[in-house]
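With PDB, C-alpha atoms inside, this is final15.pdb:
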ATOM      1  CA  MET A   1     -48.076 -27.545  21.926
ATOM      2  CA  ILE A   2     -48.814 -30.984  23.457
ATOM      3  CA  GLU A   3     -47.012 -33.803  25.226
ATOM      4  CA  PHE A   4     -46.178 -36.579  22.744
ATOM      5  CA  ASP A   5     -47.378 -39.271  25.177
ATOM      6  CA  ARG A   6     -50.858 -37.697  25.323
ATOM      7  CA  ILE A   7     -51.437 -38.980  21.778
ATOM      8  CA  ALA A   8     -52.055 -42.726  21.692
ATOM      9  CA  ASP A   9     -50.137 -44.624  19.011
ATOM     10  CA  GLY A  10     -52.603 -44.837  16.113
ATOM     11  CA  GLY A  11     -54.776 -42.188  17.749
ATOM     12  CA  PHE A  12     -55.735 -38.551  17.393
ATOM     13  CA  ALA A  13     -55.598 -35.398  19.467
ATOM     14  CA  GLU A  14     -56.896 -31.877  18.948
ATOM     15  CA  VAL A  15     -54.906 -28.764  19.834
ATOM     16  CA  GLU A  16     -55.357 -25.063  19.340
ATOM     17  CA  ALA A  17     -52.520 -23.178  17.622
ATOM     18  CA  SER A  18     -51.871 -19.793  16.094
ATOM     19  CA  ILE A  19     -51.140 -19.961  12.360
ATOM     20  CA  ASP A  20     -50.533 -16.716  10.482
ATOM     21  CA  ASP A  21     -51.707 -14.957  13.655
ATOM     22  CA  GLU A  22     -55.088 -16.712  13.470
ATOM     23  CA  PRO A  23     -56.336 -19.250  16.033
ATOM     24  CA  GLU A  24     -56.782 -22.667  14.441
ATOM     25  CA  SER A  25     -57.893 -26.091  15.600
ATOM     26  CA  LEU A  26     -55.494 -28.856  14.542
ATOM     27  CA  VAL A  27     -55.948 -32.604  14.400
ATOM     28  CA  LEU A  28     -52.795 -34.563  15.266
ATOM     29  CA  PHE A  29     -52.290 -38.209  14.325
ATOM     30  CA  ARG A  30     -49.546 -40.317  15.879
ATOM     31  CA  GLU A  31     -48.017 -43.319  14.156
ATOM     32  CA  GLY A  32     -45.147 -44.757  16.179
ATOM     33  CA  ASP A  33     -42.631 -41.953  16.719
ATOM     34  CA  ALA A  34     -44.123 -39.737  13.992
ATOM     35  CA  VAL A  35     -46.894 -37.157  14.274
ATOM     36  CA  ARG A  36     -48.795 -35.672  11.350
ATOM     37  CA  ALA A  37     -51.062 -32.632  11.637
ATOM     38  CA  TRP A  38     -53.805 -31.000   9.603
ATOM     39  CA  LEU A  39     -56.217 -28.146  10.113
ATOM     40  CA  ASN A  40     -59.337 -29.552  11.759
ATOM     41  CA  VAL A  41     -61.464 -28.546   8.762
ATOM     42  CA  CYS A  42     -63.151 -30.784   6.211
ATOM     43  CA  PRO A  43     -62.578 -29.456   2.663
ATOM     44  CA  HIS A  44     -66.157 -30.399   1.720
ATOM     45  CA  ALA A  45     -68.045 -27.829   3.772
ATOM     46  CA  GLY A  46     -65.489 -26.186   6.037
ATOM     47  CA  ARG A  47     -66.779 -27.890   9.190
ATOM     48  CA  ARG A  48     -64.697 -29.442  11.945
ATOM     49  CA  LEU A  49     -63.804 -33.110  11.549
ATOM     50  CA  ASP A  50     -64.324 -34.089  15.203
ATOM     51  CA  TRP A  51     -67.751 -35.196  16.432
ATOM     52  CA  SER A  52     -67.065 -33.574  19.815
ATOM     53  CA  PRO A  53     -64.066 -31.374  20.664
ATOM     54  CA  GLY A  54     -60.994 -33.620  20.449
ATOM     55  CA  GLN A  55     -63.004 -36.760  19.620
ATOM     56  CA  PHE A  56     -62.350 -38.166  16.148
ATOM     57  CA  LEU A  57     -63.794 -41.129  14.275
ATOM     58  CA  LYS A  58     -61.525 -43.742  12.705
ATOM     59  CA  SER A  59     -62.976 -46.301  10.298
ATOM     60  CA  LYS A  60     -62.240 -50.032  10.356
ATOM     61  CA  ASP A  61     -60.062 -49.326   7.291
ATOM     62  CA  GLY A  62     -57.971 -46.831   9.281
ATOM     63  CA  LEU A  63     -59.388 -43.633   7.764
ATOM     64  CA  LEU A  64     -60.061 -40.398   9.610
ATOM     65  CA  VAL A  65     -63.804 -39.857   9.149
ATOM     66  CA  CYS A  66     -65.472 -36.447   9.042
ATOM     67  CA  ALA A  67     -68.246 -36.543  11.623
ATOM     68  CA  ALA A  68     -70.439 -34.134   9.624
ATOM     69  CA  HIS A  69     -70.568 -35.801   6.192
ATOM     70  CA  GLY A  70     -68.699 -39.108   6.501
ATOM     71  CA  ALA A  71     -65.790 -38.245   4.203
ATOM     72  CA  GLY A  72     -62.848 -40.618   4.757
ATOM     73  CA  PHE A  73     -59.256 -39.338   4.758
ATOM     74  CA  GLU A  74     -56.171 -41.513   4.498
ATOM     75  CA  LEU A  75     -53.606 -40.750   7.179
ATOM     76  CA  LEU A  76     -50.406 -40.380   5.156
ATOM     77  CA  ARG A  77     -51.232 -37.288   3.097
ATOM     78  CA  GLY A  78     -54.728 -36.456   4.360
ATOM     79  CA  GLU A  79     -56.333 -37.205   0.993
ATOM     80  CA  CYS A  80     -60.083 -37.780   0.884
ATOM     81  CA  VAL A  81     -60.617 -41.267  -0.546
ATOM     82  CA  SER A  82     -64.356 -41.598   0.110
ATOM     83  CA  GLY A  83     -67.297 -39.263   0.452
ATOM     84  CA  PRO A  84     -68.291 -35.867  -0.936
ATOM     85  CA  CYS A  85     -64.800 -34.360  -1.227
ATOM     86  CA  ARG A  86     -63.019 -37.323  -2.866
ATOM     87  CA  GLY A  87     -59.655 -36.253  -4.290
ATOM     88  CA  GLN A  88     -59.306 -33.168  -2.091
ATOM     89  CA  THR A  89     -56.853 -33.092   0.820
ATOM     90  CA  LEU A  90     -56.772 -31.770   4.326
ATOM     91  CA  ARG A  91     -54.498 -28.740   4.796
ATOM     92  CA  ALA A  92     -51.273 -30.113   6.286
ATOM     93  CA  VAL A  93     -49.487 -28.365   9.132
ATOM     94  CA  GLU A  94     -45.826 -29.144   9.797
ATOM     95  CA  VAL A  95     -44.974 -30.296  13.314
ATOM     96  CA  ASP A  96     -41.831 -31.643  14.974
ATOM     97  CA  VAL A  97     -41.342 -33.915  17.973
ATOM     98  CA  HIS A  98     -38.578 -32.846  20.391
ATOM     99  CA  ASP A  99     -37.935 -33.732  24.022
ATOM    100  CA  GLY A 100     -41.255 -35.535  24.392
ATOM    101  CA  ARG A 101     -43.361 -32.678  23.015
ATOM    102  CA  VAL A 102     -44.994 -31.905  19.687
ATOM    103  CA  PHE A 103     -44.204 -28.424  18.376
ATOM    104  CA  LEU A 104     -45.574 -26.370  15.511
ATOM    105  CA  ARG A 105     -42.790 -25.788  12.967
ATOM    106  CA  ALA A 106     -42.107 -22.185  11.967
ATOM    107  CA  ASN A 107     -44.011 -21.445   8.729
ATOM    108  CA  ALA A 108     -46.022 -24.566   9.490
ATOM    109  CA  ALA A 109     -49.074 -24.221   7.242
ATOM    110  CA  GLN A 110     -48.864 -25.583   3.714
TER     111      GLN A 110
END
Any chance you could put this one into structure tokens?
Amino acid sequence: MIEFDRIADGGFAEVEASIDDEPESLVLFREGDAVRAWLNVCPHAGRRLDWSPGQFLKSKDGLLVCAAHGAGFELLRGECVSGPCRGQTLRAVEVDVHDGRVFLRANAAQ
């Protein structure tokens, strides 16, 4: 999918992947040696989270911010903690890091 080192520690990256035979945009977040991934879709209105392809906003409080409506998502579980979709969560996608690369896990979408 993507080289691990292309994701800055504490930063985001966007990749395209096939999930259930459908093309999907994913947002990846790296924290140390771990990478978490979600579909790049805000649960509020179904729009992409990035303000420009692969460019994501992070608040001073460390939240992923939806560029369209300002919803703030915590980065452990992808739960919306501020904005119009409070209490909803981003759709997680399971990924693994092996040999310096981030891979989509089989049956990745939750």
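If you apply the PyMOL selection byres ((chain A and resi 94-108) around 6) to this structure, you end up with Met1, Ile2, Glu3, Phe4, Val93 and Ala109 of chain A.
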Please, what is the axis-aligned box for every listed atom of segment 38-56 of chain A with 8 Å on each side, as centre and edge lengths in Å to one decimal, as lines of an AutoDock Vina configuration file?
center_x = -60.9
center_y = -32.2
center_z = 11.2
size_x = 30.2
size_y = 28.0
size_z = 34.9
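The coordinates place atom CA of Phe73 of chain A at 8.0 Å from atom CA of Leu90 of chain A.
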Step by step: start from the point (-52.9, -39.3, 5.3) in the file's coordinates, keep every protein, DNA or RNA residue that has an atom no farther than 9 Å from it, count all atoms listed in the file, and write the set as an MDAnalysis selection string. chainID A and resid 36 63:64 73:80 89:90
Using only C-alpha atoms, find each residue in segment 50-89 of chain A having at least one atom no more than 9 Å away from segment 23-35 of chain A; report its shortest atom-to-atom pair and that distance in Å (one decimal), rows by chain then rising number, as a tab-separated table.
residue	atom	partner	partner_atom	distance
A:Asp50	CA	A:Val27	CA	8.5
A:Gly54	CA	A:Val27	CA	7.9
A:Phe56	CA	A:Val27	CA	8.7
A:Leu75	CA	A:Phe29	CA	7.7
May I have the selected residues written with C-alpha atoms, as a CSV table (one decimal), in the frame of the given file?
chain,number,residue,atom,x,y,z
A,50,ASP,CA,-64.3,-34.1,15.2
A,54,GLY,CA,-61.0,-33.6,20.4
A,56,PHE,CA,-62.4,-38.2,16.1
A,75,LEU,CA,-53.6,-40.8,7.2
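Going from atom CA of Ala68 of chain A to atom CA of Trp51 of chain A covers 7.4 Å.
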I'd like the residues picked by the PyMOL selection byres ((chain A and resi 67) around 10) written out as a PyMOL selection string, using the chain letters and numbers from the file. chain A and resi 42+47-52+55-58+64-66+68-72
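Atom CA of Asp9 of chain A is positioned 19.3 Å from atom CA of Ala92 of chain A.
The closest residue to Val41 of chain A, picked from A:Arg6, A:Lys60, A:Arg86, A:Arg91 and counting only C-alpha atoms, is A:Arg91.
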